[in-house]
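Each remark here refers to the structure printed beneath this line.
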Amino acid sequence: MQSAFSLSFSHSSLTTPNRPLSPSNAAPRNLRFCGLRREAFGFSQSKQLTSCRLQINSRRIKVSAAAATNGAPSKSSFDYDLIIIGAGVGGHGAALHAVEKGLKTAIIEGDVVGGTCVNRGCVPSKALLAVSGRMRELQNEHHMKSFGLQVSAAGYDRQGVADHASNLATKIRNNLTNSMKALGVDILTGFGSVLGPQKVKYGKDNVITAKDIIIATGSVPFVPKGIEVDGKTVITSDHALKLESVPDWIAIVGSGYIGLEFSDVYTALGSEVTFIEALDQLMPGFDPEISKLAQRVLINPRKIDYHTGVFASKITPAKDGRPVMIELIDAKTKKPKDTLEVDTALIATGRAPFTNGLGLENINVATQRGFIPVDERMRVIDGNGKLVPNLYCIGDANGKLMLAHAASAQGISVVEQVTGRDHVLNHLSIPAACFTHPEISMVGLTEPQAREKAEKEGFKVSIAKTSFKANTKALAENEGEGIAKMIYRPDNGEILGVHIFGLHAADLIHEASNAIALGTRLQDIKLAVHAHPTLSEVVDELFKAAKVDSPVSTTAQSVKAVV
Amino acid sequence: MALSSSSFLSTLPLSNSKSAISFTSSLSPSPLPSFRSASSSHKRRVMTIRSKIREIFMPALSSTMTEGKIVSWIKTEGEKLAKGESVVVVESDKADMDVETFYDGYLAAIVVGEGETAPVGAAIGLLAETEAEIEEAKSKAASKSKSSEVVVVAPSPPPVTSSPAPAIAQPAPVAAVSDGPRKTVATPYAKKLAKQHKVDIGSVAGTGPFGRITAADVEAAAGIAPSVAAPPPPPPAAAAIATPKATTTSSSPPLLPGSSIVPFTAMQSAVSKNMIESLSVPTFRVGYPVNTDALDALYEKVKPKGVTMTALLAKAAGMALAEHPVVNASCKDGKSFSYNSNINIAVAVAINGGLITPVLQDADKLDLYLLSQKWKELVGKARGKQLQPHEYNSGTFTLSNLGMFGVDRFDAILPPGQGAIMAVGASKPTVVADKDGFFSVRNKMLVNVTADHRIVYGADLAAFLQTFAKIVENPDCLTL
């Protein structure tokens with residue numbers, strides 16, 4: 001894939017290294033692709049995300065060799081071309097791309113480099129989930145027997161598991177820091193705030209100026225009121241990832257992907273779990289069919305029970321010889337419903353933007369529930385609905401799509417814009433994954449969303465499904481549980497959404513997300529060849545199962561023309 | 001309700017996809033309970049209903065299914081149904097299933113709506129044979145839903161019930177938390193197990209932290225061995241195996257400061273009750289040294305074939321009992337001997353800290369290899385909590401072996417309902433003098449039998465032990 005893209009897209013970047021792409025260069029390419037995409041999603045140019053990433057990859061070495069370019073004298077009177085407030089994954093992605101584009105860049109971090117994802121989120125949780133996956137497998141005597149394997153009772157050392165998670169976070173954090181240092185990004189330490197247009201303060205009283213500013217301050221765990229977090233028995237994901245204890249019984253408030261992943265970890269380590277979900281159904285964010293199946297596999301057979309349609313109105317930490325008390329009220333009537341007594345409560349009700357103290361009042365920006373309002377180009381909108389010039393906000397702080405890789409993509413999109421190339425990110429092509437065992441992944445619309453859109457816009461929707469049971473590799477692994485589901489338009493072969501639940505689903509989704517990002521049509525992609533036997537054939541089968549009316553799309557022809 | 005539910009009990013593939021299942025959308029021709037008290041005119045109508053209106057039942061879609069949720073009704077009320085058509089989609093614990101009708105007719109009324117849950121066998125809808133009967137069926141449905149809450153509602157009682165259990169002795173602070181009766185607190189897995197084994201969670205005493213009901217409590221209440229991840233194999237046991245029913249004797253000295261009170265689980269309560277009951281039986285004990293050189297040699301020979309020492313001892317005891325039926329008898333009423341037709345040897349085994357007595361039935365008749373195989377199977381079942389009641393409570397004689405711990409002798413308490421129990425100590429090299437005065441070293445094992453003196457007398461027991469010793473000392477007959 002990579003080589004194919006660099007063939008077709010890298011010509012412009014090769015001719016103009018370290019320099020903004022000229023709009024004239026970009027325009028024709030946009031035209032070719034965005035037409036289709038507008039028709040599809042009402043967004044445009046998403047494919048540039050992919051192409052940009054590839055450019056970074058192919059040229060990082062060269063740029064780091066010429067690291068001094070970041071310090072190149074700026075012709076303007078500003079200290080920097082670009083200042084990024086927040087060195088999480090979003091800020092990091094933006095910084096690398098900015099240097100790549102020849103901008104003199106600084107990044108301000110008040111805490112540790114890496115932000116939530118690396119220190120308190122995706123990264124350490126993957127370490128815990130790697131452990132839980134193995135524990136689950138080793139504990140499943142039936143599963144082992146079916147392989148003909150004999151394993152004596154599996155056990156674990158809590159501190160060892162916790163160390164694995166913190167070591168991984170440290171390693172990734174160092175990698176991130178080093179990659180920025182190598183490129184010559186100035187890492188400024190201290191809390192950053194906006195003093196006024198193009199002016200930023202960091203630390204005690206350091207004031208710097210920049211042509212453009214990106215806010216990438218991210219988010220913190222959201223704790224609803226009435227819940228008292230003590231960090232020991234009532235905890236958030238921040239504490240849980242340190243794995244300071246494995247309680248006998250833990251209540252998880254919220255059954256989204258954070259809650260689900262932790263339920264996977266805790267049940268594998270021997271805890272019993274009670275879910276508390278405000279909506280009527282568990283796993284509300286997922287495609288209903290997927291969440292139903294996932295419930296059968298990830299919830300029902302495990303030591304998990306749940307209360308749906310209830311709020312945890314009050315949670316008191318364990319003290320004075322009493323367990324953690326959770327008061328439940330009906331989500332609709334608000335009447336008291338039940339009281340739970342558990343050993344630990346994990347609050348996984350989502351994340352709240354971290355935008356306090358940013359000095360937004362200095363530029364007349366009012367947050368909405370803490371989120372910084374932005375337009376589709378991540379430009380900040382002020383209290384009067386006007387765009388604030390030279391100020392952008394990416395990642396969790398704008399709340400568009402609270403995923404690490406979305407923040408990074410948004411950052412790259414912003415850098416594209418400030419270096420002279422218009423760019424709008426297609427959020428519907430951004431995949432998401434939940435790393436339970438087995439995994440859940442998705443991209444694009446869910447079936448109800450697609451049907452609603454189809455109704456509104458007057459097109460037909462079809463569904464294709466394949467099962468992991470029919471996949472040789474999955475069966476060889478004794479992991480036949482799972483399905484893949486695709487929602488598409490039968491009239492033109494456009495993929496609207498893909499949802500996968502099964503072994504390595506998180507790795508399988510990218511074929512679909514790339515197809516959506518590039519506007520590839522089913523009638524074309526179904527001809528692509530997949531190695532046998534691999535799990536990727538699950539997705540291959542999905543494409544092949546689709547019944548599309550039109551034989552060959554125009555996209556395919558235009559791609560060929562470019563190549 | 002006369003329904004042939006067996007026809008639904010087909011084993012299903014663990015499929016996630018919706019698959020169609022044909023079932024007799026069954027028909028209970030019996031009148032509904034609500035019509036029982038009706039006037040004579042109603043009775044006439046009942047006759048009509050009998051032939052024309054059928055009930056659609058919640059089918060059992062898997063062997064573990066106890067209740068099902070209606071995902072959706074494919075047909076609406078009043079719609080015509082043809083035999084073999086899908087009527088309703090039911091969600092079981094494993095999959096969504098289309099349920100078909102075996103009869104032509106009209107879907108007259110939906111008793112259990114979409115999203116609702118009904119136990120297996122409950123009426124979920126009514127099928128009228130002709131259009132004319134739809135109204136009638138509807139009124140029937142109306143009265144049904146009025147009177148049938150018991151039927152439709154899921155069987156498991158909500159955990160909120162204030163059961164008689166709550167007055168559990170617990171450290172003071174907890175009791176102080178809530179005034180009035182404490183509600184039942186059960187962990188998620190405990191609730192799941194209770195449902196699975198049909199244990200009323202309200203009647204289980206919790207022994208977990210803060211008096212909560214844990215999985216172990218439910219397992220104890222259900223009479224199964226706890227299922228904590230598998231530690232080493234069965235025969236080795238907690239030292240408490242002296243009797244098949246643990247030793248939780250409670251004297252009541254004043255509580256020392258810092259000590260805590262842990263209430264009995266249901267199982268421990270049962271043990272306690274049995275032990276008290278055993279005091280009403282006049283027992284006596286007879287010990288006997290047995291030379292095991294030959295047995296040990298035989299064991300070495302048959303061990304590779306999967307024969308265990310437990311099987312050897314059980315077989316030997318079984319054969320000895322066959323010659324002394326009175327030791328295999330029991331005294332049920334204090335007035336008579338109850339001779340048992342089978343020789344069923346219960347063997348006390350500690351599994352994961354629990355105690356259970358799987359029973360080797362017909363130990364005298366089965367050959368050694370079958371017996372060993374059977375034993376292996378029982379232990380496996382015990383560990384998997386799958387022992388059926390007759391597999392642990394049908395013993396006529398109990399064997400308890402603590403020899404593997406180096407215990408040289410002990411005596412056991414006679415379980416109520418049995419005539420005798422044998423306590424087996426370790427086999428140890430011992431210096432013996434033969435009748436000619438020559439010294440030699442032989443392996444000797446002390447066995448000690450406790451028996452009910454109302455039916456078994458000293459001479460009986462001595463004779464039994466002599467036979468047992470003879471068999472063990474000449475063990476070739478064991479392999480015959």
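Residues are referred to by chain and number: the chain letter is A, B, ... according to the order shown in the structure tokens, the number counts from 1 in that chain, and ligands are numbered separately from 1 in the order shown.
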Chain A contacts to chain B at 6 Å (only C-alpha atoms) as a compact mmCIF listing (two decimals) with all heavy atoms, in the first residue's frame:
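New file out_23.txt:
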# COMPACT_ATOMS: atom_id res chain seq x y z
N LYS A 303 -17.82 -13.01 34.60
CA LYS A 303 -18.36 -12.74 35.94
C LYS A 303 -18.78 -11.28 36.01
O LYS A 303 -18.21 -10.49 36.76
CB LYS A 303 -17.32 -13.09 36.99
CG LYS A 303 -17.01 -14.57 37.01
CD LYS A 303 -15.92 -14.92 37.99
CE LYS A 303 -15.65 -16.42 37.92
NZ LYS A 303 -14.56 -16.81 38.81
N ILE A 304 -19.73 -10.93 35.18
CA ILE A 304 -20.15 -9.53 35.05
C ILE A 304 -21.66 -9.47 35.14
O ILE A 304 -22.36 -10.29 34.55
CB ILE A 304 -19.71 -8.97 33.67
CG1 ILE A 304 -18.19 -9.04 33.52
CG2 ILE A 304 -20.20 -7.53 33.50
CD1 ILE A 304 -17.69 -8.56 32.18
N ASP A 305 -22.18 -8.51 35.89
CA ASP A 305 -23.60 -8.20 35.78
C ASP A 305 -23.72 -6.70 35.51
O ASP A 305 -22.71 -6.00 35.44
CB ASP A 305 -24.40 -8.65 37.00
CG ASP A 305 -24.10 -7.83 38.24
OD1 ASP A 305 -23.14 -7.03 38.20
OD2 ASP A 305 -24.81 -7.98 39.25
Going by DSSP on the backbone, which bits of stretch 179-311 of chain A are strand (DSSP E or B)? Write them as a ChimeraX atom specification, please. /A:186-189,192-196,199-202,206-215,219-221,227,234-236,249-253,272-277,304-308,310-311
To one decimal place, how far is atom CA of B:Val89 from atom CA of B:Glu135 in Å? 24.3 Å
Using DSSP secondary structure from the backbone, list all helix (DSSP H, G or I) positions within stretch 59-247 of chain A, as a PyMOL selection string. chain A and resi 59-65+67-71+89-100+115-120+122-139+141-147+158-183+237-240
Using only C-alpha atoms, which protein or nucleic acid residues come within 6 Å of stretch 86-100 of chain A? Drop anything in the same chain fewer than 3 positions from it, and give the result as an mmCIF file with N, CA, C and O atoms, in the first residue's frame.
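That gives us result21.cif:
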data_model
loop_
_atom_site.group_PDB
_atom_site.id
_atom_site.type_symbol
_atom_site.label_atom_id
_atom_site.label_comp_id
_atom_site.auth_asym_id
_atom_site.auth_seq_id
_atom_site.Cartn_x
_atom_site.Cartn_y
_atom_site.Cartn_z
ATOM 1 N N ASN A 18 10.200 20.607 2.164
ATOM 2 C CA ASN A 18 10.224 21.603 3.234
ATOM 3 C C ASN A 18 9.567 22.920 2.862
ATOM 4 O O ASN A 18 9.935 23.967 3.334
ATOM 5 N N LEU A 103 8.326 24.705 9.203
ATOM 6 C CA LEU A 103 7.910 25.733 10.167
ATOM 7 C C LEU A 103 8.802 25.686 11.392
ATOM 8 O O LEU A 103 9.189 24.603 11.861
ATOM 9 N N ILE A 108 4.518 23.314 23.914
ATOM 10 C CA ILE A 108 4.504 23.641 25.342
ATOM 11 C C ILE A 108 3.826 22.513 26.091
ATOM 12 O O ILE A 108 2.739 22.066 25.706
ATOM 13 N N GLU A 109 4.486 22.045 27.134
ATOM 14 C CA GLU A 109 3.874 20.963 27.908
ATOM 15 C C GLU A 109 3.986 21.266 29.386
ATOM 16 O O GLU A 109 5.074 21.511 29.900
ATOM 17 N N VAL A 113 5.405 14.783 28.489
ATOM 18 C CA VAL A 113 5.221 14.586 27.058
ATOM 19 C C VAL A 113 4.459 13.286 26.836
ATOM 20 O O VAL A 113 4.697 12.301 27.521
ATOM 21 N N GLY A 114 3.558 13.320 25.880
ATOM 22 C CA GLY A 114 2.814 12.102 25.561
ATOM 23 C C GLY A 114 1.349 12.197 25.913
ATOM 24 O O GLY A 114 0.517 11.504 25.334
ATOM 25 N N GLY A 115 1.036 13.072 26.875
ATOM 26 C CA GLY A 115 -0.363 13.314 27.205
ATOM 27 C C GLY A 115 -1.082 12.077 27.707
ATOM 28 O O GLY A 115 -0.479 11.138 28.220
ATOM 29 N N ALA A 216 -3.889 22.106 21.936
ATOM 30 C CA ALA A 216 -4.031 20.641 21.922
ATOM 31 C C ALA A 216 -3.898 20.142 23.348
ATOM 32 O O ALA A 216 -3.036 19.335 23.669
ATOM 33 N N THR A 217 -4.757 20.669 24.217
ATOM 34 C CA THR A 217 -4.594 20.409 25.651
ATOM 35 C C THR A 217 -5.300 19.142 26.121
ATOM 36 O O THR A 217 -5.169 18.758 27.277
ATOM 37 N N ALA A 404 -6.943 9.440 19.959
ATOM 38 C CA ALA A 404 -5.577 9.935 19.787
ATOM 39 C C ALA A 404 -5.245 10.142 18.319
ATOM 40 O O ALA A 404 -4.727 11.190 17.911
ATOM 41 N N ALA A 407 -6.820 13.177 16.814
ATOM 42 C CA ALA A 407 -6.143 14.419 17.190
ATOM 43 C C ALA A 407 -4.938 14.647 16.288
ATOM 44 O O ALA A 407 -4.705 15.750 15.772
ATOM 45 N N SER A 408 -4.178 13.599 16.086
ATOM 46 C CA SER A 408 -2.990 13.693 15.247
ATOM 47 C C SER A 408 -3.374 14.070 13.818
ATOM 48 O O SER A 408 -2.751 14.935 13.189
ATOM 49 N N GLY A 411 -4.282 17.641 13.665
ATOM 50 C CA GLY A 411 -3.084 18.467 13.753
ATOM 51 C C GLY A 411 -2.401 18.580 12.400
ATOM 52 O O GLY A 411 -1.978 19.668 11.977
ATOM 53 N N ILE A 412 -2.310 17.463 11.725
ATOM 54 C CA ILE A 412 -1.671 17.457 10.410
ATOM 55 C C ILE A 412 -2.496 18.289 9.431
ATOM 56 O O ILE A 412 -1.960 19.045 8.615
ATOM 57 N N VAL A 415 -1.756 21.917 10.026
ATOM 58 C CA VAL A 415 -0.449 22.305 9.481
ATOM 59 C C VAL A 415 -0.545 22.450 7.955
ATOM 60 O O VAL A 415 0.022 23.375 7.366
#
Residue with smallest distance to B:Leu81 - pool B:Ala128, B:Val111, B:Val424, B:Val347, counting only C-alpha atoms: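 Closest residue, counting only C-alpha atoms: B:Ala128.
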Write out as a PDB file with C-alpha atoms, in the first residue's frame the residues lying within 10 Å of stretch 447-458 of chain A, counting only C-alpha atoms and excluding same-chain residues fewer than 4 positions away.
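Wrote selection_38.pdb, looks like this:
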ATOM      1  CA  PHE A  41     -20.187  12.191   3.198  1.00  0.00           C
ATOM      2  CA  PHE A 286     -21.412   0.622  18.929  1.00  0.00           C
ATOM      3  CA  ASP A 287     -23.489  -0.701  16.079  1.00  0.00           C
ATOM      4  CA  PRO A 288     -26.455  -2.376  17.799  1.00  0.00           C
ATOM      5  CA  GLU A 289     -25.849  -5.739  16.192  1.00  0.00           C
ATOM      6  CA  SER A 462     -27.414  -2.771   1.929  1.00  0.00           C
ATOM      7  CA  ILE A 463     -25.708  -4.862   4.561  1.00  0.00           C
ATOM      8  CA  LYS A 485     -20.481  -6.275   9.012  1.00  0.00           C
ATOM      9  CA  MET A 486     -20.474  -3.707   6.250  1.00  0.00           C
ATOM     10  CA  ILE A 487     -23.042  -1.074   5.433  1.00  0.00           C
ATOM     11  CA  TYR A 488     -22.850   0.117   1.844  1.00  0.00           C
ATOM     12  CA  ARG A 489     -24.720   1.676  -1.033  1.00  0.00           C
ATOM     13  CA  LEU A 496     -20.677   3.696   4.526  1.00  0.00           C
ATOM     14  CA  GLY A 497     -19.448   1.822   7.553  1.00  0.00           C
ATOM     15  CA  VAL A 498     -17.650  -1.336   8.605  1.00  0.00           C
ATOM     16  CA  HIS A 499     -17.879  -2.971  12.025  1.00  0.00           C
TER      17      HIS A 499
END
Excluding same-chain residues fewer than 2 positions from A:Thr520, what lies within 9 Å of it counting only C-alpha atoms, as a PyMOL selection string? chain A and resi 493-495+514-518+522-525+553+555-556
Å distance separating atom CA of A:Gln198 from atom CA of A:Leu183, one decimal place: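 Separation between atom CA of A:Gln198 and atom CA of A:Leu183: 23.3 Å.
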Any chance you could tabulate, as a Markdown table, the residues of stretch 129-234 of chain A at most 8 Å from stretch 263-271 of chain A with each one's nearest atom pair and distance in Å to one decimal, using only C-alpha atoms, in chain and rising number order?
| residue | atom | partner | partner_atom | distance |
| --- | --- | --- | --- | --- |
| A:Leu129 | CA | A:Val265 | CA | 5.8 |
| A:Val131 | CA | A:Val265 | CA | 7.8 |
| A:Ser132 | CA | A:Val265 | CA | 5.1 |
| A:Gly133 | CA | A:Ala268 | CA | 7.5 |
| A:Met135 | CA | A:Ala268 | CA | 6.1 |
| A:Arg136 | CA | A:Ala268 | CA | 5.5 |
| A:Tyr156 | CA | A:Leu269 | CA | 7.8 |
Nearby residues (only C-alpha atoms) at most 10 Å from B:Ala329, same-chain spacing under 2 positions excluded, as number ranges by chain: B: 321, 324-327, 331-332, 337-343, 396-397, 417-420, 452, 455-456
Residues within 8 Å of A:Pro490, only C-alpha atoms, excluding chain neighbours under 4 positions, as a VMD selection string: chain A and resid 460 to 462 494 546 to 549
Produce a file of the selected residues containing C-alpha atoms, as a compact mmCIF listing (two decimals), in the first residue's frame.
# COMPACT_ATOMS: atom_id res chain seq x y z
CA LYS A 460 -30.67 2.57 -0.62
CA VAL A 461 -28.56 0.82 1.98
CA SER A 462 -27.41 -2.77 1.93
CA GLU A 494 -19.69 3.17 -1.64
CA ALA A 546 -21.51 -6.97 -1.44
CA LYS A 547 -23.92 -6.75 -4.33
CA VAL A 548 -23.31 -3.58 -6.29
CA ASP A 549 -25.34 -2.50 -9.30
What is the atom CA of A:Ser179-atom CA of A:Lys199 distance in Å, reported with one decimal? 26.1 Å
Each residue of stretch 339-385 of chain B lying at most 8 Å from stretch 305-315 of chain B should get a row with its shortest atom-to-atom pair and the distance in Å to one decimal, counting only C-alpha atoms; could you produce that, ordered by chain and increasing number, as CSV?
residue,atom,partner,partner_atom,distance
B:Ile345,CA,B:Ala314,CA,6.5
B:Leu360,CA,B:Ala314,CA,7.9
B:Ala363,CA,B:Lys315,CA,5.6
B:Asp364,CA,B:Lys315,CA,5.9
B:Leu368,CA,B:Ala311,CA,6.6
B:Tyr369,CA,B:Val307,CA,6.2
B:Leu371,CA,B:Ala311,CA,6.1
B:Ser372,CA,B:Val307,CA,5.2
B:Gln373,CA,B:Gly306,CA,7.6
B:Trp375,CA,B:Ala311,CA,7.2
